[in-house]
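Next comes final-v2.tsv, with TSV, C-alpha atoms and all ligand atoms.
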chain	number	residue	atom	x	y	z
G	234	MET	CA	-5.15	2.26	-2.58
G	235	ILE	CA	-7.05	-0.94	-1.96
G	236	GLN	CA	-6.91	-3.10	-5.04
G	237	PRO	CA	-9.24	-5.91	-6.16
G	238	THR	CA	-6.94	-8.36	-4.32
G	239	GLY	CA	-7.42	-6.61	-0.97
G	240	MET	CA	-11.10	-6.12	-1.78
G	241	ALA	CA	-11.50	-9.90	-2.19
G	242	VAL	CA	-10.23	-10.42	1.38
G	243	LEU	CA	-12.35	-7.59	2.78
G	244	ALA	CA	-15.43	-9.04	1.04
G	245	GLU	CA	-14.83	-12.43	2.76
G	246	LEU	CA	-14.57	-10.62	6.10
G	247	ASP	CA	-17.80	-8.77	5.31
G	248	LEU	CA	-15.96	-5.44	5.60
G	249	LEU	CA	-15.97	-4.32	1.98
G	250	LYS	CA	-19.11	-2.23	2.31
G	251	GLN	CA	-17.60	-0.15	5.12
G	252	VAL	CA	-14.33	0.32	3.24
G	253	LEU	CA	-16.19	1.38	0.12
G	254	ARG	CA	-18.21	3.86	2.12
G	255	ALA	CA	-15.11	5.34	3.79
G	256	GLY	CA	-13.01	5.55	0.61
G	257	SER	CA	-13.35	6.77	-2.93
G	258	ARG	CA	-13.80	4.50	-5.97
G	259	VAL	CA	-10.84	4.83	-8.34
G	260	ASP	CA	-11.44	3.82	-11.97
G	261	HIS	CA	-8.46	5.39	-13.67
G	262	LEU	CA	-4.73	6.02	-13.09
G	263	PHE	CA	-3.46	8.87	-15.22
G	264	GLY	CA	-0.07	10.55	-15.52
G	265	LYS	CA	1.57	13.10	-17.80
G	266	ALA	CA	5.15	14.17	-18.43
G	267	GLY	CA	4.85	17.56	-20.11
G	268	ASN	CA	2.18	17.08	-22.77
G	269	ARG	CA	2.76	13.34	-23.09
G	270	VAL	CA	0.40	10.87	-21.45
G	271	VAL	CA	2.69	8.23	-19.94
G	272	LEU	CA	0.31	6.50	-17.52
G	273	ASP	CA	-3.24	5.70	-18.57
G	274	VAL	CA	-4.64	2.64	-16.82
G	275	HIS	CA	-8.35	1.90	-16.71
G	276	TYR	CA	-9.49	-0.88	-14.40
G	277	SER	CA	-12.20	-1.50	-17.01
G	278	ALA	CA	-9.51	-2.96	-19.32
G	279	LEU	CA	-10.01	-6.15	-17.29
G	280	SER	CA	-13.34	-7.92	-17.09
G	281	ARG	CA	-15.60	-6.35	-14.48
G	282	ARG	CA	-15.72	-9.76	-12.78
G	283	ARG	CA	-11.98	-9.58	-12.06
G	284	ALA	CA	-11.21	-5.95	-11.31
G	285	PRO	CA	-14.04	-3.47	-11.34
G	286	PHE	CA	-12.04	-0.65	-9.68
G	287	GLY	CA	-9.65	0.27	-6.88
G	288	ILE	CA	-10.44	2.23	-3.70
G	289	GLY	CA	-8.54	5.32	-2.60
G	290	ILE	CA	-8.73	5.39	1.19
G	291	HIS	CA	-7.08	7.18	4.09
G	292	ARG	CA	-4.94	4.86	6.24
G	293	ALA	CA	-7.00	5.84	9.32
G	294	SER	CA	-10.25	4.78	7.60
G	295	LEU	CA	-8.92	1.32	6.78
G	296	PHE	CA	-7.49	0.98	10.30
G	297	SER	CA	-10.80	2.02	11.82
G	298	VAL	CA	-12.82	-0.57	9.84
G	299	LEU	CA	-10.39	-3.37	10.81
G	300	HIS	CA	-10.14	-2.21	14.44
G	301	ASP	CA	-13.94	-2.09	14.82
G	302	ALA	CA	-14.12	-5.65	13.50
G	303	VAL	CA	-11.55	-6.82	16.08
G	304	VAL	CA	-13.49	-5.09	18.87
G	305	ARG	CA	-16.77	-6.66	17.66
G	306	GLU	CA	-15.12	-10.10	17.98
G	307	SER	CA	-14.06	-9.23	21.58
G	308	ILE	CA	-10.39	-9.92	20.73
G	309	PRO	CA	-8.30	-8.38	23.54
G	310	ILE	CA	-5.90	-5.58	22.56
G	311	HIS	CA	-2.92	-4.64	24.74
G	312	THR	CA	-1.59	-1.22	23.75
G	313	ALA	CA	1.57	0.65	24.80
G	314	HIS	CA	3.96	-2.31	24.47
G	315	LEU	CA	7.08	-1.51	22.43
G	316	ILE	CA	8.32	-4.87	21.17
G	317	ALA	CA	12.08	-5.45	21.21
G	318	GLY	CA	12.34	-9.10	20.20
G	319	SER	CA	11.09	-12.64	20.76
G	320	ASP	CA	12.52	-15.80	22.31
G	321	ARG	CA	11.63	-19.43	22.04
G	322	ALA	CA	10.06	-20.82	25.20
G	323	GLY	CA	10.03	-24.60	24.83
G	324	GLU	CA	7.51	-25.38	22.08
G	325	GLN	CA	6.14	-21.85	22.34
G	326	ARG	CA	7.47	-18.31	21.92
G	327	GLN	CA	7.32	-15.15	24.02
G	328	LEU	CA	7.72	-11.46	23.26
G	329	ARG	CA	10.40	-9.27	24.80
G	330	PHE	CA	9.44	-5.64	25.39
G	331	ALA	CA	11.62	-2.54	25.36
G	332	ASP	CA	11.07	-2.04	29.11
G	333	GLY	CA	12.68	-5.44	29.76
G	334	LYS	CA	9.42	-7.28	30.55
G	335	VAL	CA	8.37	-10.42	28.71
G	336	SER	CA	4.96	-11.71	27.64
G	337	ARG	CA	3.51	-15.08	28.54
G	338	PRO	CA	4.39	-17.79	25.99
G	339	PHE	CA	2.20	-18.24	22.90
G	340	ASP	CA	1.72	-21.14	20.46
G	341	LEU	CA	2.17	-18.65	17.63
G	342	ILE	CA	3.31	-15.05	17.27
G	343	VAL	CA	2.25	-13.29	14.07
G	344	ASP	CA	4.72	-10.53	13.29
G	345	THR	CA	2.91	-7.62	11.62
G	346	LEU	CA	5.36	-4.95	12.81
G	347	GLY	CA	6.12	-3.65	9.34
G	348	THR	CA	9.32	-3.17	7.40
G	349	ARG	CA	11.54	-2.33	10.40
G	350	THR	CA	10.31	-5.21	12.55
G	351	PRO	CA	12.61	-6.13	15.45
G	352	LEU	CA	11.37	-9.74	15.22
G	353	ALA	CA	13.17	-10.56	11.96
G	354	PRO	CA	16.77	-10.23	10.81
G	355	GLN	CA	17.68	-6.94	9.13
G	356	THR	CA	17.74	-7.30	5.37
G	357	GLY	CA	17.10	-5.33	2.15
G	358	ARG	CA	17.90	-1.71	1.43
G	359	GLU	CA	16.52	1.77	2.05
G	360	LEU	CA	15.48	3.40	-1.23
G	361	ALA	CA	17.03	6.71	-2.23
G	362	TYR	CA	13.65	8.31	-2.99
G	363	GLY	CA	10.72	8.67	-0.64
G	364	ALA	CA	7.87	11.16	-0.74
G	365	LEU	CA	6.23	13.98	1.18
G	366	TRP	CA	2.55	13.30	1.87
G	367	ALA	CA	-0.30	15.50	3.04
G	368	THR	CA	-4.01	14.94	3.56
G	369	LEU	CA	-5.90	17.93	2.15
G	370	ASP	CA	-9.50	18.84	1.37
G	371	TRP	CA	-10.60	17.44	-1.96
G	372	PRO	CA	-10.15	20.28	-4.51
G	373	GLN	CA	-13.77	20.61	-5.61
G	374	GLY	CA	-14.21	22.38	-8.95
G	375	ALA	CA	-10.47	22.51	-9.71
G	376	GLY	CA	-10.62	20.11	-12.65
G	377	PHE	CA	-9.75	16.89	-10.78
G	378	ASP	CA	-11.81	13.75	-11.24
G	379	VAL	CA	-12.85	12.16	-7.95
G	380	HIS	CA	-12.42	8.68	-9.49
G	381	THR	CA	-8.88	9.19	-10.83
G	382	LEU	CA	-5.40	8.95	-9.30
G	383	GLU	CA	-3.50	11.61	-11.20
G	384	GLN	CA	0.24	12.32	-11.41
G	385	ARG	CA	2.66	14.66	-13.18
G	386	TYR	CA	6.33	13.92	-13.82
G	387	PHE	CA	9.49	15.61	-14.92
G	388	ARG	CA	12.05	12.97	-15.83
G	389	SER	CA	11.99	10.44	-12.96
G	390	SER	CA	13.30	12.83	-10.36
G	391	VAL	CA	10.10	14.86	-10.00
G	392	MET	CA	6.65	13.43	-9.36
G	393	VAL	CA	3.56	14.99	-7.87
G	394	GLY	CA	0.27	13.18	-7.37
G	395	VAL	CA	-3.31	13.56	-6.18
G	396	LEU	CA	-5.34	10.59	-4.93
G	397	PRO	CA	-8.97	10.83	-3.78
G	398	THR	CA	-9.24	9.14	-0.36
G	399	GLY	CA	-12.89	9.59	0.67
G	400	THR	CA	-13.94	10.88	4.07
G	401	PRO	CA	-11.78	9.59	6.97
G	402	PRO	CA	-13.01	9.18	10.56
G	403	GLY	CA	-13.67	12.54	12.19
G	404	ALA	CA	-13.78	14.44	8.86
G	405	GLU	CA	-16.91	15.84	7.29
G	406	THR	CA	-15.74	16.40	3.75
G	407	PRO	CA	-13.85	14.25	1.23
G	408	LYS	CA	-10.06	14.39	1.28
G	409	ALA	CA	-7.18	13.99	-1.14
G	410	ALA	CA	-3.74	12.49	-0.56
G	411	PHE	CA	-1.25	14.90	-2.09
G	412	PHE	CA	2.30	13.62	-2.60
G	413	TRP	CA	5.63	14.91	-3.82
G	414	SER	CA	8.54	12.60	-4.57
G	415	LEU	CA	11.76	13.60	-2.80
G	416	ARG	CA	15.20	12.10	-2.40
G	417	ALA	CA	15.72	11.32	1.28
G	418	ASP	CA	19.08	13.10	1.36
G	419	ARG	CA	17.39	16.30	0.07
G	420	LEU	CA	14.79	16.48	2.85
G	421	LYS	CA	16.90	18.79	5.02
G	422	ALA	CA	17.53	21.19	2.12
G	423	TRP	CA	13.80	21.15	1.31
G	424	GLN	CA	12.97	22.00	4.94
G	425	ASP	CA	15.62	24.73	5.11
G	426	ALA	CA	14.42	26.41	1.92
G	427	GLY	CA	10.90	27.04	3.30
G	428	ILE	CA	7.76	26.00	1.44
G	429	GLU	CA	7.24	28.99	-0.89
G	430	PRO	CA	9.89	28.07	-3.51
G	431	TRP	CA	8.59	24.49	-3.47
G	432	LYS	CA	4.96	25.62	-3.90
G	433	HIS	CA	6.07	27.70	-6.86
G	434	GLU	CA	7.81	24.67	-8.39
G	435	VAL	CA	4.70	22.47	-7.99
G	436	ALA	CA	2.39	25.16	-9.39
G	437	THR	CA	4.67	25.59	-12.41
G	438	LEU	CA	4.67	21.85	-13.11
G	439	TRP	CA	0.93	21.43	-12.52
G	440	PRO	CA	-1.06	24.69	-12.30
G	441	ASP	CA	-4.31	22.85	-11.37
G	442	CYS	CA	-2.77	22.17	-7.94
G	443	ALA	CA	-3.26	25.81	-6.87
G	444	SER	CA	-6.29	25.01	-4.69
G	445	LEU	CA	-4.35	22.21	-2.97
G	446	LEU	CA	-1.24	24.28	-2.47
G	447	SER	CA	-3.25	27.12	-0.94
G	448	GLN	CA	-4.14	24.72	1.91
G	449	ILE	CA	-0.46	24.21	2.73
G	450	THR	CA	0.91	26.99	4.89
G	451	ASP	CA	3.53	25.11	6.86
G	452	ALA	CA	6.04	22.36	6.03
G	453	SER	CA	4.80	20.37	9.04
G	454	GLN	CA	1.60	19.60	7.10
G	455	LEU	CA	3.69	17.26	4.95
G	456	THR	CA	5.05	13.97	6.33
G	457	PHE	CA	8.11	12.44	4.75
G	458	ALA	CA	7.78	8.70	4.10
G	459	SER	CA	10.96	6.78	3.38
G	460	TYR	CA	10.71	3.49	1.53
G	461	ALA	CA	12.62	0.23	1.89
G	462	HIS	CA	12.83	-2.79	-0.37
G	463	ARG	CA	13.25	-6.02	1.54
G	464	THR	CA	12.08	-9.62	1.33
G	465	LEU	CA	12.71	-12.27	3.98
G	466	ARG	CA	13.78	-15.49	2.33
G	467	LYS	CA	12.36	-17.53	5.19
G	468	PRO	CA	9.38	-15.75	6.76
G	469	MET	CA	8.81	-18.32	9.52
G	470	GLU	CA	10.64	-19.61	12.57
G	471	HIS	CA	9.45	-21.82	15.38
G	472	ALA	CA	6.06	-20.46	16.56
G	473	LEU	CA	6.62	-17.24	14.58
G	474	ILE	CA	5.53	-15.99	11.17
G	475	HIS	CA	6.24	-12.63	9.52
G	476	ILE	CA	3.46	-11.29	7.29
G	477	GLY	CA	2.77	-8.02	5.46
G	478	ASP	CA	5.70	-5.58	5.37
G	479	ALA	CA	7.46	-7.64	8.05
G	480	TRP	CA	7.88	-10.32	5.33
G	481	HIS	CA	8.17	-8.13	2.23
G	482	SER	CA	8.15	-4.40	1.69
G	483	ALA	CA	8.70	-2.24	-1.37
G	484	SER	CA	8.12	1.29	-2.61
G	485	PRO	CA	4.39	2.03	-2.88
G	486	GLN	CA	4.75	2.71	-6.62
G	487	LEU	CA	2.32	-0.09	-7.55
G	488	GLY	CA	0.09	0.44	-4.49
G	489	GLN	CA	0.14	-3.20	-3.35
G	490	GLY	CA	1.57	-3.42	0.20
G	491	ALA	CA	-1.62	-3.20	2.26
G	492	ASN	CA	-3.34	-5.56	-0.17
G	493	MET	CA	-0.48	-8.04	0.10
G	494	ALA	CA	-0.72	-7.83	3.90
G	495	LEU	CA	-4.43	-8.69	3.72
G	496	LEU	CA	-3.71	-11.63	1.38
G	497	ASP	CA	-0.96	-12.86	3.73
G	498	ALA	CA	-3.34	-12.73	6.70
G	499	TRP	CA	-6.00	-14.62	4.74
G	500	ALA	CA	-3.44	-17.25	3.68
G	501	LEU	CA	-2.34	-17.66	7.31
G	502	ALA	CA	-5.90	-18.28	8.45
G	503	LYS	CA	-6.37	-20.78	5.62
G	504	GLY	CA	-3.07	-22.52	6.38
G	505	LEU	CA	-3.87	-22.89	10.08
G	506	THR	CA	-7.38	-24.16	9.30
G	507	GLU	CA	-6.30	-26.73	6.73
G	508	ALA	CA	-3.00	-28.07	8.09
G	509	LYS	CA	-2.59	-30.41	11.04
G	510	GLY	CA	-0.36	-28.34	13.33
G	511	VAL	CA	0.96	-24.79	13.63
G	512	THR	CA	4.27	-25.48	11.83
G	513	ASP	CA	2.54	-27.13	8.87
G	514	GLY	CA	-0.04	-24.34	8.83
G	515	LEU	CA	2.68	-21.68	8.56
G	516	ALA	CA	4.43	-23.61	5.80
G	517	LEU	CA	1.17	-23.89	3.86
G	518	ALA	CA	0.42	-20.18	4.27
G	519	ILE	CA	3.84	-19.25	2.90
G	520	LYS	CA	3.47	-21.69	0.00
G	521	LEU	CA	0.11	-20.15	-0.91
G	522	ARG	CA	1.63	-16.65	-1.04
G	523	ARG	CA	5.26	-16.99	-2.12
G	524	ARG	CA	4.85	-16.82	-5.90
G	525	HIS	CA	2.68	-13.69	-5.79
G	526	VAL	CA	4.94	-12.00	-3.23
G	527	LEU	CA	8.10	-12.63	-5.25
G	528	THR	CA	6.42	-11.53	-8.50
G	529	TYR	CA	5.34	-8.19	-7.05
G	530	GLN	CA	8.63	-7.60	-5.25
G	531	TRP	CA	10.31	-8.01	-8.61
G	532	LEU	CA	7.76	-5.91	-10.54
G	533	THR	CA	7.97	-3.09	-8.00
G	534	ALA	CA	11.78	-3.10	-8.08
G	535	LEU	CA	11.57	-2.94	-11.88
G	536	PHE	CA	9.06	-0.09	-12.12
G	537	THR	CA	10.07	2.13	-9.20
G	538	PRO	CA	13.15	3.67	-10.92
G	539	VAL	CA	10.98	4.55	-13.93
G	540	TYR	CA	9.10	7.00	-11.68
G	541	GLN	CA	11.55	7.67	-8.85
G	542	SER	CA	15.25	7.79	-9.70
G	543	ASP	CA	17.96	10.04	-11.13
G	544	SER	CA	18.04	8.10	-14.39
G	545	ARG	CA	17.82	10.13	-17.62
G	546	LEU	CA	17.37	7.07	-19.84
G	547	LEU	CA	14.43	5.37	-18.08
G	548	PRO	CA	12.08	8.37	-18.25
G	549	LEU	CA	13.03	8.87	-21.90
G	550	ILE	CA	12.03	5.28	-22.70
G	551	ARG	CA	8.89	5.72	-20.58
G	552	ASP	CA	7.83	8.93	-22.30
G	553	GLN	CA	8.81	8.12	-25.89
G	554	ILE	CA	8.19	4.37	-26.20
G	555	VAL	CA	6.40	2.71	-23.29
G	556	GLY	CA	3.82	5.49	-22.80
G	557	PRO	CA	2.50	5.39	-26.39
G	558	LEU	CA	2.69	1.56	-26.60
G	559	SER	CA	0.83	1.15	-23.32
G	560	LYS	CA	-2.33	2.55	-24.90
G	561	LEU	CA	-2.54	-0.47	-27.23
G	562	TRP	CA	-4.09	-3.83	-26.38
G	563	PRO	CA	-2.89	-6.12	-24.75
G	564	ALA	CA	-0.73	-3.61	-22.83
G	565	THR	CA	-3.91	-1.96	-21.53
G	566	ALA	CA	-5.09	-5.23	-19.96
G	567	ILE	CA	-1.62	-6.18	-18.67
G	568	GLN	CA	-1.23	-2.81	-16.93
G	569	ALA	CA	-4.70	-3.07	-15.38
G	570	ALA	CA	-3.91	-6.59	-14.13
G	571	MET	CA	-0.60	-5.35	-12.73
G	572	VAL	CA	-2.03	-2.45	-10.71
G	573	SER	CA	-4.95	-4.63	-9.61
G	574	GLY	CA	-2.44	-7.02	-8.02
G	575	LEU	CA	-3.75	-9.89	-10.15
G	576	ILE	CA	-0.55	-10.94	-11.94
G	577	ALA	CA	0.56	-14.42	-10.79
G	578	ASN	CA	-3.00	-15.42	-9.97
G	579	PRO	CA	-3.00	-14.70	-6.22
G	580	LEU	CA	-6.71	-15.25	-5.56
G	581	GLU	CA	-7.33	-18.76	-6.84
G	582	PRO	CA	-5.03	-20.67	-4.42
G	583	LEU	CA	-6.60	-18.72	-1.56
G	584	GLY	CA	-10.16	-19.63	-2.59
G	585	LEU	CA	-10.84	-15.93	-3.23
G	586	ASP	CA	-11.34	-16.01	-7.00
G	587	LYS	CA	-15.06	-15.37	-6.81
G	588	ASP	CA	-17.16	-12.89	-8.71
G	589	LEU	CA	-16.15	-9.63	-7.05
G	590	GLN	CA	-18.66	-7.63	-9.06
G	591	THR	CA	-21.57	-9.65	-7.65
G	592	ARG	CA	-20.19	-9.21	-4.15
G	593	LEU	CA	-19.84	-5.49	-4.66
G	594	THR	CA	-23.41	-5.20	-5.89
G	595	LEU	CA	-24.56	-7.14	-2.84
G	596	ALA	CA	-22.38	-5.06	-0.50
G	597	GLU	CA	-23.77	-1.85	-1.97
G	598	ALA	CA	-27.36	-3.09	-1.82
G	599	THR	CA	-27.31	-4.20	1.83
G	601	LIG	C1	3.62	6.63	1.65
G	601	LIG	C2	3.11	5.25	1.47
G	601	LIG	C3	2.07	5.00	0.58
G	601	LIG	C4	1.58	3.71	0.42
G	601	LIG	N1	0.55	3.48	-0.45
G	601	LIG	C5	0.02	2.24	-0.55
G	601	LIG	C6	-1.11	1.98	-1.38
G	601	LIG	O1	-1.65	2.87	-2.06
G	601	LIG	N2	-1.62	0.72	-1.41
G	601	LIG	C7	-1.08	-0.28	-0.68
G	601	LIG	O2	-1.59	-1.40	-0.72
G	601	LIG	N3	0.02	-0.06	0.09
G	601	LIG	C8	0.57	1.15	0.17
G	601	LIG	N4	1.66	1.37	0.97
G	601	LIG	C9	2.27	0.23	1.66
G	601	LIG	C10	1.46	-0.11	2.90
G	601	LIG	O3	1.31	1.03	3.73
G	601	LIG	C11	2.16	-1.20	3.66
G	601	LIG	O4	2.49	-2.26	2.79
G	601	LIG	C12	1.20	-1.74	4.74
G	601	LIG	O5	0.90	-0.72	5.66
G	601	LIG	C13	1.84	-2.92	5.45
G	601	LIG	O6	1.00	-3.28	6.51
G	601	LIG	P1	1.59	-4.01	7.78
G	601	LIG	O7	0.41	-4.21	8.67
G	601	LIG	O8	2.38	-5.18	7.34
G	601	LIG	O9	2.64	-3.00	8.44
G	601	LIG	P2	2.44	-1.51	8.96
G	601	LIG	O10	1.25	-0.87	8.33
G	601	LIG	O11	3.77	-0.86	8.80
G	601	LIG	O12	2.10	-1.69	10.49
G	601	LIG	C14	3.10	-2.02	11.44
G	601	LIG	C15	2.60	-1.60	12.80
G	601	LIG	O13	3.48	-2.10	13.80
G	601	LIG	C16	3.79	-1.06	14.70
G	601	LIG	N5	5.15	-1.33	15.21
G	601	LIG	C17	6.30	-1.31	14.51
G	601	LIG	N6	7.35	-1.63	15.31
G	601	LIG	C18	6.83	-1.88	16.53
G	601	LIG	C19	7.40	-2.28	17.77
G	601	LIG	N7	8.72	-2.46	17.92
G	601	LIG	N8	6.58	-2.45	18.84
G	601	LIG	C20	5.24	-2.26	18.72
G	601	LIG	N9	4.64	-1.88	17.56
G	601	LIG	C21	5.43	-1.68	16.48
G	601	LIG	C22	3.73	0.22	13.87
G	601	LIG	O14	3.52	1.33	14.71
G	601	LIG	C23	2.53	-0.08	12.97
G	601	LIG	O15	1.33	0.26	13.60
G	601	LIG	C24	2.17	2.66	1.14
G	601	LIG	C25	3.23	2.90	2.02
G	601	LIG	C26	3.69	4.19	2.18
G	601	LIG	C27	4.82	4.43	3.14
Let's see the structure in the file written out as structure tokens.
Amino acid sequence: MIQPTGMAVLAELDLLKQVLRAGSRVDHLFGKAGNRVVLDVHYSALSRRRAPFGIGIHRASLFSVLHDAVVRESIPIHTAHLIAGSDRAGEQRQLRFADGKVSRPFDLIVDTLGTRTPLAPQTGRELAYGALWATLDWPQGAGFDVHTLEQRYFRSSVMVGVLPTGTPPGAETPKAAFFWSLRADRLKAWQDAGIEPWKHEVATLWPDCASLLSQITDASQLTFASYAHRTLRKPMEHALIHIGDAWHSASPQLGQGANMALLDAWALAKGLTEAKGVTDGLALAIKLRRRHVLTYQWLTALFTPVYQSDSRLLPLIRDQIVGPLSKLWPATAIQAAMVSGLIANPLEPLGLDKDLQTRLTLAEAT
């Protein structure tokens, strides 16, 4: 999901219109455990100026919009280089590749290699739970709302979800992301059991999923994503900065990682523009982002076990106490701010706290 934070960056880059077109507007996050509603977040609980909605989008659609923008700017791209590390070269830095070759030296290397980057020290921990993901045709007429991310839970050990993701490149019809929470150490057993018993389990938990399940005929249609929680204490070295997941990664429970990566990139550009040299620019970029990054790393660590863990107590509290309370103001607004990525005021220091609603209207009109 792209949240209002990521949308603010995309609007500055004049790419929001394309992302909106490729994705699906999401107004509502909704989840049930049995008959109890335990997740019910409406973006409208915040002022429309701050967070009108989120966007469900396929990873390939977002990549394609960003890639096209890079190509339009004639920025050279060198593919097929597996990076193994980096070394200081005087005042500059060069990349080391897996085939033993090295790059020419650069004034600055921006590490966007994700959570398992070879350019930063290993840190953090792999999370016990990951999820199986599939991209399926949107289940038209099956009772799903095309503007809602919907989930079903049993305790915290079982979670299934459906997210509208719009129409990705090469597709002709809208798609859904379909996901099933799974403990990483149970993946082999899941594969060995074949998909029929699993399909039966999903259909029992959430009968509306029948039209999605009928599209799954082979386990290879589902990709297992493992999650890691890690935060670099010092995301810069000489002529090197780590941004996005290379700096901080977490479970996607709050749907923030891609948005945080966009904010980091924006902060880096701002830092380099406003500071005198590269080192000062990197320090400024990190200063502009650190509070928001640490807040969401903490929030994600706090909330992930509520939805993905073996705990019996956390889901009980979620279902019996937090779920009902969360329907009351101000919890409604706090939850909307949290999923929007707006806790800890990330946009103002970056000069991005402008009227998003006006921008959206303009983007839609042009
Ligand atoms: C299942 C799942 C669902 C998610 N849902 C959401 C969501 O709804 N909203 C949200 O905001 N975030 C979500 N996230 C998190 C989001 O995907 C990440 O935070 C985001 O992709 C980070 O972007 P990045 O550019 O920093 O790193 P990445 O997207 O991980 O990109 C790193 C790139 O570097 C390449 N690379 C890695 N190592 C090397 C190497 N040695 N040499 C050369 N290339 C290399 C990789 O191939 C990849 O292309 C989700 C993550 C997962 C796994």
- request: Quick one: everything within 12 Å of Ala516 (chain G), counting only C-alpha atoms, minus sequence neighbours fewer than 4 positions away in the same chain. Send it as a ChimeraX atom specification.
  value: /G:467-475,500-505,507-512,520-523
- request: Residues within 6 Å of ligand LIG 601 (chain G) should be enumerated using all atoms listed in the file and returned as an NGL selection string.
  value: :G and (234-235 or 314-317 or 345-347 or 350-351 or 458 or 477-479 or 485 or 488-492 or 494)
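If you measure from each of G:Val270, G:Leu455, G:Ile476, G:Ile428 to Thr348 (chain G) using only C-alpha atoms, the closest one turns out to be G:Ile476.
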field: Point-to-point distance from CA of Asp543 (chain G) to CA of Val259 (chain G), Å rounded to tenths
entry: 29.4 Å
task: Just the residues within 7 Å of region 549-565 of chain G, please, counting only C-alpha atoms, with nothing from its chain fewer than 3 positions along; format it as a list in words.
output: Arg269, Val270, Val271, Leu272, Val274, Ala278, Arg545, Leu546, Gln568 and Ala569 of chain G
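Taking CA of Gln325 (chain G) and CA of Asp340 (chain G) as the two end points, the separation is 4.9 Å.
The coordinates place CA of Gln327 (chain G) at 14.2 Å from CA of Ala353 (chain G).
All polymer residues at most 12 Å from (6.1, -13.1, 27.9), using all atoms listed in the file, appear as His314, Ile316, Ala317, Gly318, Ser319, Asp320, Arg321, Ala322, Gln325, Arg326, Gln327, Leu328, Arg329, Phe330, Gly333, Lys334, Val335, Ser336, Arg337, Pro338, Phe339, Asp340 and Ile342 of chain G.
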field: Selection near region 285-287 of chain G, 10 Å with all atoms listed in the file, sequence-local residues under 2 positions removed, as a VMD selection string
entry: chain G and resid 234 to 240 253 256 to 262 275 to 283 289 to 290 380 to 382 569 572 to 573 589 to 590 593
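Residue nearest Ala293 (chain G), chosen from G:Leu515, G:Leu415, G:Leu341, G:Ala255 and counting all atoms listed in the file: G:Ala255.
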- request: Find the spatial neighbours of Thr400 (chain G), counting only C-alpha atoms, within a cut-off of 9 Å - ignore same-chain residues fewer than 2 positions away - and output them as JSON, numbers by chain.
  value: {"G": [254, 255, 256, 257, 290, 291, 294, 398, 402, 403, 404, 405, 406, 407, 408]}
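Among G:Thr368, G:Ser389, G:Ser459, G:Gln355, the residue with the shortest atom-to-atom distance to Val539 (chain G), counting all atoms listed in the file, is G:Ser389.
Nearest to Ala417 (chain G) of all the residues G:Thr506, G:Ser390, G:Thr537, G:Gln373 is G:Ser390, counting only C-alpha atoms.
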task: Considering all atoms listed in the file, state which residue in the set G:Lys250, G:Arg388, G:His481, G:Lys421 is at the smallest distance from Ala452 (chain G).
output: G:Lys421
Output as AutoDock Vina command-line options the centre and edge lengths (Å, one decimal) of the box along x, y and z of the file that holds every listed atom of region 497-504 of chain G after adding 4 Å on each side.
--center_x -3.7 --center_y -17.6 --center_z 6.1 --size_x 13.4 --size_y 17.8 --size_z 12.8
Saving region 481-507 of chain G with C-alpha atoms, as an mmCIF file, in the first residue's frame, what would that file be?
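As a result, decode.cif now contains:
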data_model
loop_
_atom_site.group_PDB
_atom_site.id
_atom_site.type_symbol
_atom_site.label_atom_id
_atom_site.label_comp_id
_atom_site.auth_asym_id
_atom_site.auth_seq_id
_atom_site.Cartn_x
_atom_site.Cartn_y
_atom_site.Cartn_z
ATOM 1 C CA HIS G 481 15.376 0.011 8.496
ATOM 2 C CA SER G 482 13.087 -2.885 7.739
ATOM 3 C CA ALA G 483 10.136 -4.381 9.570
ATOM 4 C CA SER G 484 7.183 -6.678 8.999
ATOM 5 C CA PRO G 485 4.731 -5.126 6.518
ATOM 6 C CA GLN G 486 1.959 -5.205 9.148
ATOM 7 C CA LEU G 487 1.504 -1.411 9.043
ATOM 8 C CA GLY G 488 2.247 -1.137 5.300
ATOM 9 C CA GLN G 489 4.915 1.568 5.637
ATOM 10 C CA GLY G 490 8.219 0.295 4.175
ATOM 11 C CA ALA G 491 7.934 1.539 0.591
ATOM 12 C CA ASN G 492 6.570 4.848 1.865
ATOM 13 C CA MET G 493 9.467 5.198 4.298
ATOM 14 C CA ALA G 494 11.886 4.476 1.433
ATOM 15 C CA LEU G 495 10.318 7.287 -0.608
ATOM 16 C CA LEU G 496 10.551 9.672 2.369
ATOM 17 C CA ASP G 497 14.209 8.701 2.906
ATOM 18 C CA ALA G 498 15.003 9.398 -0.751
ATOM 19 C CA TRP G 499 13.257 12.767 -0.562
ATOM 20 C CA ALA G 500 15.145 13.648 2.637
ATOM 21 C CA LEU G 501 18.443 12.702 0.967
ATOM 22 C CA ALA G 502 17.749 15.004 -1.971
ATOM 23 C CA LYS G 503 16.809 17.791 0.434
ATOM 24 C CA GLY G 504 19.898 17.201 2.596
ATOM 25 C CA LEU G 505 22.260 17.280 -0.390
ATOM 26 C CA THR G 506 20.587 20.423 -1.758
ATOM 27 C CA GLU G 507 20.650 22.356 1.498
#
